[in-house]
Amino acid sequence: ILIKKFKLLCFCTVLLNKFSLNGQEIPQEFFLYHDYKIKIDCGQNWDSHSIFGPVRWQQLYDDRIINDSLTFSNKIGLINHIDEVGNSAFAFYAYSHFTFNKNFYGYLYPRIVSEPKEFSRFSGLSRPTSRLGFNAGEIDIAGIGYENGRFIIQIGRGRQSWGAGNDVNLALNEESHSYDYGLFGLKFKNLRGRFIHGFLETDSLNYNRYITARGIEWTNNRSLIIGISEIVVYSGILRQLDFAYMNPISSHLEIELNNRQNKLGVSSGNAAWQTSLDWMINKNFRFSGNLLIDEFVFDKVEIDSGKTHGMGMSLKCSWTPIKEKSIVDIYGSLIYVGTNTFRHEIGSNNFVQRGSPIGYNLGSDYLLTSFGLKYYNLKNIILNIESGLINIGSGSISLTPYQPYENY
């Protein structure tokens, strides 16, 4: 299938106060979000760059917090989404945040929409009646926290995107639906650690579904990041939060194989392990790669029975020959995820939430190759043209999100 991408979003900001920010996640509709990601491809901001996304205000404004007072800022606006055939849909949003004593912060980003399916990452339920043309609403991201440059603790709602490279994250992706979670992180010179634990949903069979992830990365703060992480989805009928998974430096294998969880056995959770490399090879060339293992076959009895690996891989190369008065970025990427990757023998442990993948939006059972060009005038215009080829099978969790695997 040949794919070509062209999207048009019209922003109408009706109120904007001066920002003095710290720690909060940046809504993806904001221009600064895309400004930061493009500049990472150019080698800028690598002193704050991390494989533990998404982009945060702290990464943009760490040296601009100038006072200890209580500061509030607010922004409201209207987004007009025009699809490929000219149909129009609207979203009204508000963004509010506060900072106190430089390190304490809180933020809130609700939005209401006229057509829920037209807006990415939106998972609010449509109402039978509409008001002023809007028929669904949700809080996309919200939370409170504390961050001082070495330590971060946060609780709220949002999403995580772990991995190297823009738009090629596998197990946790910025395009997923939001979920409630707590976050804890530490930074020691060249080492950073991150831990999250959250609640995904209760499905129609009364399975309570949770997510937890832990990871560590090393960086030289200039051009190289190497990281490893573990992401787990666990569930059970009316299952309570499992304190065994609250240990930020434990492992799914140790917990499950030693019966330390609150639902015994080896089928109560599903884990995936990911290694990531982000490397600015020179001032114009960036290489990013992720290797993910969901199931690795190494026992002879499994090999003889024909069992296959559950793997995933993503690679991306970006070349920015122009980046002075404007930025021109030429890139290519390859993403592969196996048929049964992110599935489990119990479907409630699949890597999905509200019927959609929590990782890359194609889910699993696909091979994607793409090439593109981005132009940024360093002011107010970003143009992205991309073309590629998708091969996707019927085993993708994007098509049957809660179905367990039948045969590995």
# chains A, B, ... in the order shown; residues from 1 in each chain; ligands from 1
$ residues_around --residues "Glu345 in chain A" --least-positions-apart "4" --cutoff "9 Å" --atoms "only C-alpha atoms" --output "VMD selection string"
chain A and resid 267 270 349 to 350 403 to 406
$ write_last_selection --atoms "all heavy atoms" --output "PDB file, in the first residue's frame"
ATOM      1  N   SER A 267       0.882 -16.262  33.733  1.00  0.00           N
ATOM      2  CA  SER A 267       0.084 -15.726  32.624  1.00  0.00           C
ATOM      3  C   SER A 267      -0.696 -14.489  33.029  1.00  0.00           C
ATOM      4  O   SER A 267      -1.672 -14.126  32.391  1.00  0.00           O
ATOM      5  CB  SER A 267      -0.888 -16.799  32.105  1.00  0.00           C
ATOM      6  OG  SER A 267      -1.766 -17.211  33.130  1.00  0.00           O
ATOM      7  N   ASN A 270       2.244  -9.351  30.791  1.00  0.00           N
ATOM      8  CA  ASN A 270       2.937  -9.426  29.500  1.00  0.00           C
ATOM      9  C   ASN A 270       4.015  -8.353  29.468  1.00  0.00           C
ATOM     10  O   ASN A 270       3.717  -7.173  29.641  1.00  0.00           O
ATOM     11  CB  ASN A 270       1.933  -9.217  28.362  1.00  0.00           C
ATOM     12  CG  ASN A 270       2.562  -9.376  26.987  1.00  0.00           C
ATOM     13  OD1 ASN A 270       3.628  -9.976  26.852  1.00  0.00           O
ATOM     14  ND2 ASN A 270       1.897  -8.850  25.974  1.00  0.00           N
ATOM     15  N   ASN A 349      -3.985  -8.771  28.460  1.00  0.00           N
ATOM     16  CA  ASN A 349      -2.608  -8.343  28.658  1.00  0.00           C
ATOM     17  C   ASN A 349      -1.958  -7.818  27.382  1.00  0.00           C
ATOM     18  O   ASN A 349      -0.749  -7.567  27.358  1.00  0.00           O
ATOM     19  CB  ASN A 349      -1.763  -9.511  29.201  1.00  0.00           C
ATOM     20  CG  ASN A 349      -2.157  -9.907  30.604  1.00  0.00           C
ATOM     21  OD1 ASN A 349      -2.552  -9.068  31.404  1.00  0.00           O
ATOM     22  ND2 ASN A 349      -2.071 -11.191  30.918  1.00  0.00           N
ATOM     23  N   ASN A 350      -2.742  -7.668  26.322  1.00  0.00           N
ATOM     24  CA  ASN A 350      -2.205  -7.083  25.089  1.00  0.00           C
ATOM     25  C   ASN A 350      -1.843  -5.613  25.304  1.00  0.00           C
ATOM     26  O   ASN A 350      -2.420  -4.931  26.155  1.00  0.00           O
ATOM     27  CB  ASN A 350      -3.224  -7.189  23.958  1.00  0.00           C
ATOM     28  CG  ASN A 350      -3.448  -8.629  23.511  1.00  0.00           C
ATOM     29  OD1 ASN A 350      -2.736  -9.547  23.939  1.00  0.00           O
ATOM     30  ND2 ASN A 350      -4.431  -8.833  22.657  1.00  0.00           N
ATOM     31  N   GLN A 403      -7.758  -9.704  21.259  1.00  0.00           N
ATOM     32  CA  GLN A 403      -7.696 -11.137  20.931  1.00  0.00           C
ATOM     33  C   GLN A 403      -6.329 -11.709  21.306  1.00  0.00           C
ATOM     34  O   GLN A 403      -5.302 -11.154  20.945  1.00  0.00           O
ATOM     35  CB  GLN A 403      -7.936 -11.323  19.441  1.00  0.00           C
ATOM     36  CG  GLN A 403      -7.882 -12.783  18.985  1.00  0.00           C
ATOM     37  CD  GLN A 403      -8.212 -12.903  17.514  1.00  0.00           C
ATOM     38  OE1 GLN A 403      -9.200 -12.358  17.031  1.00  0.00           O
ATOM     39  NE2 GLN A 403      -7.378 -13.618  16.775  1.00  0.00           N
ATOM     40  N   PRO A 404      -6.293 -12.827  22.050  1.00  0.00           N
ATOM     41  CA  PRO A 404      -4.996 -13.440  22.393  1.00  0.00           C
ATOM     42  C   PRO A 404      -4.375 -14.098  21.167  1.00  0.00           C
ATOM     43  O   PRO A 404      -5.050 -14.326  20.159  1.00  0.00           O
ATOM     44  CB  PRO A 404      -5.375 -14.469  23.448  1.00  0.00           C
ATOM     45  CG  PRO A 404      -6.789 -14.841  23.109  1.00  0.00           C
ATOM     46  CD  PRO A 404      -7.428 -13.573  22.594  1.00  0.00           C
ATOM     47  N   TYR A 405      -3.097 -14.406  21.269  1.00  0.00           N
ATOM     48  CA  TYR A 405      -2.494 -15.133  20.156  1.00  0.00           C
ATOM     49  C   TYR A 405      -2.969 -16.582  20.215  1.00  0.00           C
ATOM     50  O   TYR A 405      -3.209 -17.146  21.282  1.00  0.00           O
ATOM     51  CB  TYR A 405      -0.971 -15.049  20.175  1.00  0.00           C
ATOM     52  CG  TYR A 405      -0.264 -15.687  21.351  1.00  0.00           C
ATOM     53  CD1 TYR A 405      -0.122 -17.069  21.450  1.00  0.00           C
ATOM     54  CD2 TYR A 405       0.316 -14.897  22.347  1.00  0.00           C
ATOM     55  CE1 TYR A 405       0.542 -17.655  22.518  1.00  0.00           C
ATOM     56  CE2 TYR A 405       0.990 -15.473  23.418  1.00  0.00           C
ATOM     57  CZ  TYR A 405       1.098 -16.860  23.492  1.00  0.00           C
ATOM     58  OH  TYR A 405       1.755 -17.428  24.550  1.00  0.00           O
ATOM     59  N   GLU A 406      -3.123 -17.193  19.033  1.00  0.00           N
ATOM     60  CA  GLU A 406      -3.595 -18.570  18.961  1.00  0.00           C
ATOM     61  C   GLU A 406      -2.440 -19.552  18.884  1.00  0.00           C
ATOM     62  O   GLU A 406      -2.492 -20.641  19.446  1.00  0.00           O
ATOM     63  CB  GLU A 406      -4.506 -18.729  17.738  1.00  0.00           C
ATOM     64  CG  GLU A 406      -5.781 -17.895  17.826  1.00  0.00           C
ATOM     65  CD  GLU A 406      -6.652 -18.043  16.591  1.00  0.00           C
ATOM     66  OE1 GLU A 406      -6.219 -18.748  15.644  1.00  0.00           O
ATOM     67  OE2 GLU A 406      -7.747 -17.470  16.572  1.00  0.00           O
TER      68      GLU A 406
END
$ closest_atom_pairs --of "range 251-273 of chain A" --to "range 322-344 of chain A" --cutoff "12 Å" --atoms "only C-alpha atoms" --output "tab-separated table"
residue	atom	partner	partner_atom	distance
A:Val266	CA	A:His344	CA	11.3
A:Ser267	CA	A:His344	CA	8.3
A:Ser268	CA	A:His344	CA	9.5
A:Gly269	CA	A:His344	CA	8.2
A:Asn270	CA	A:His344	CA	6.4
A:Ala271	CA	A:Phe342	CA	8.4
A:Ala272	CA	A:Phe342	CA	7.6
A:Trp273	CA	A:Phe342	CA	11.0
$ residues_around --residues "Gly43 in chain A" --least-positions-apart "2" --cutoff "9 Å" --atoms "only C-alpha atoms" --output "ChimeraX atom specification"
/A:39-41,45-46,222-223,280,282-286
$ closest_atom_pairs --of "range 149-258 of chain A" --to "range 99-119 of chain A" --cutoff "10 Å" --atoms "only C-alpha atoms" --output "tab-separated table"
residue	atom	partner	partner_atom	distance
A:Gly149	CA	A:Asn103	CA	8.8
A:Ile152	CA	A:Asn103	CA	9.3
A:Ile153	CA	A:Phe104	CA	9.9
A:Gln154	CA	A:Tyr105	CA	9.2
A:Ile155	CA	A:Gly106	CA	9.7
A:Gly156	CA	A:Tyr107	CA	9.1
A:Arg157	CA	A:Leu108	CA	9.2
A:Gly158	CA	A:Tyr109	CA	9.8
$ select_by_dssp --residues "range 290-320 of chain A" --states "strand (DSSP E or B)" --output "number ranges by chain"
A: 290-295, 310-320
$ write_last_selection --atoms "N, CA and C atoms" --output "compact mmCIF listing (two decimals), in the first residue's frame"
# COMPACT_ATOMS: atom_id res chain seq x y z
N ASN A 290 15.84 1.18 17.67
CA ASN A 290 15.24 0.49 18.80
C ASN A 290 15.07 -0.99 18.45
N LEU A 291 15.44 -1.85 19.38
CA LEU A 291 15.24 -3.29 19.24
C LEU A 291 14.39 -3.76 20.41
N LEU A 292 13.25 -4.40 20.10
CA LEU A 292 12.29 -4.81 21.12
C LEU A 292 12.12 -6.33 21.09
N ILE A 293 12.10 -6.93 22.28
CA ILE A 293 11.88 -8.37 22.43
C ILE A 293 10.66 -8.58 23.34
N ASP A 294 9.62 -9.17 22.77
CA ASP A 294 8.45 -9.54 23.55
C ASP A 294 8.53 -11.01 23.96
N GLU A 295 8.95 -11.84 23.03
CA GLU A 295 9.12 -13.27 23.29
C GLU A 295 10.37 -13.72 22.53
N GLY A 310 9.04 -13.19 19.17
CA GLY A 310 8.16 -12.02 19.12
C GLY A 310 9.04 -10.79 19.21
N MET A 311 9.29 -10.14 18.08
CA MET A 311 10.29 -9.08 18.01
C MET A 311 9.71 -7.80 17.41
N GLY A 312 10.45 -6.73 17.57
CA GLY A 312 10.14 -5.48 16.91
C GLY A 312 11.42 -4.70 16.70
N MET A 313 11.45 -3.84 15.69
CA MET A 313 12.65 -3.08 15.39
C MET A 313 12.25 -1.79 14.68
N SER A 314 12.96 -0.71 14.99
CA SER A 314 12.76 0.53 14.24
C SER A 314 14.09 1.21 14.04
N LEU A 315 14.29 1.78 12.86
CA LEU A 315 15.50 2.51 12.50
C LEU A 315 15.09 3.81 11.82
N LYS A 316 15.83 4.87 12.10
CA LYS A 316 15.57 6.14 11.41
C LYS A 316 16.87 6.92 11.25
N CYS A 317 17.06 7.47 10.06
CA CYS A 317 18.22 8.31 9.75
C CYS A 317 17.72 9.67 9.29
N SER A 318 18.29 10.72 9.86
CA SER A 318 17.91 12.09 9.51
C SER A 318 19.15 12.87 9.09
N TRP A 319 19.06 13.55 7.97
CA TRP A 319 20.15 14.37 7.46
C TRP A 319 19.64 15.79 7.29
N THR A 320 20.31 16.76 7.92
CA THR A 320 19.89 18.16 7.87
C THR A 320 20.99 18.99 7.20
$ atom_distance --atom1 "CA of Ile392 in chain A" --atom2 "CA of Phe287 in chain A"
25.1 Å
$ select_by_dssp --residues "range 186-403 of chain A" --states "helix (DSSP H, G or I)" --output "list in words"
Phe243, Ala244, Tyr245, Met246, His252, Leu253, Glu254, Ile255, Glu256, Leu257, Lys300, Val301, Glu302, Ile303, Asp304, Gly347, Ser348 and Asn349 of chain A
$ residues_around --residues "range 120-134 of chain A" --least-positions-apart "3" --cutoff "6 Å" --atoms "only C-alpha atoms" --output "JSON, numbers by chain"
{"A": [113, 114, 137, 138, 175, 176, 177]}
$ write_last_selection --atoms "C-alpha atoms" --output "mmCIF file, in the first residue's frame"
data_model
loop_
_atom_site.group_PDB
_atom_site.id
_atom_site.type_symbol
_atom_site.label_atom_id
_atom_site.label_comp_id
_atom_site.auth_asym_id
_atom_site.auth_seq_id
_atom_site.Cartn_x
_atom_site.Cartn_y
_atom_site.Cartn_z
ATOM 1 C CA VAL A 113 -14.567 18.159 19.736
ATOM 2 C CA SER A 114 -17.228 17.963 17.071
ATOM 3 C CA GLY A 137 -14.846 15.935 25.508
ATOM 4 C CA GLU A 138 -11.967 14.697 27.647
ATOM 5 C CA GLU A 175 0.063 8.928 19.577
ATOM 6 C CA SER A 176 -1.657 6.555 22.030
ATOM 7 C CA HIS A 177 -4.740 7.370 24.050
#
$ atom_distance --atom1 "CA of Ile381 in chain A" --atom2 "CA of Leu224 in chain A"
29.0 Å
$ atom_distance --atom1 "CA of Asn262 in chain A" --atom2 "CA of Ser348 in chain A"
16.3 Å
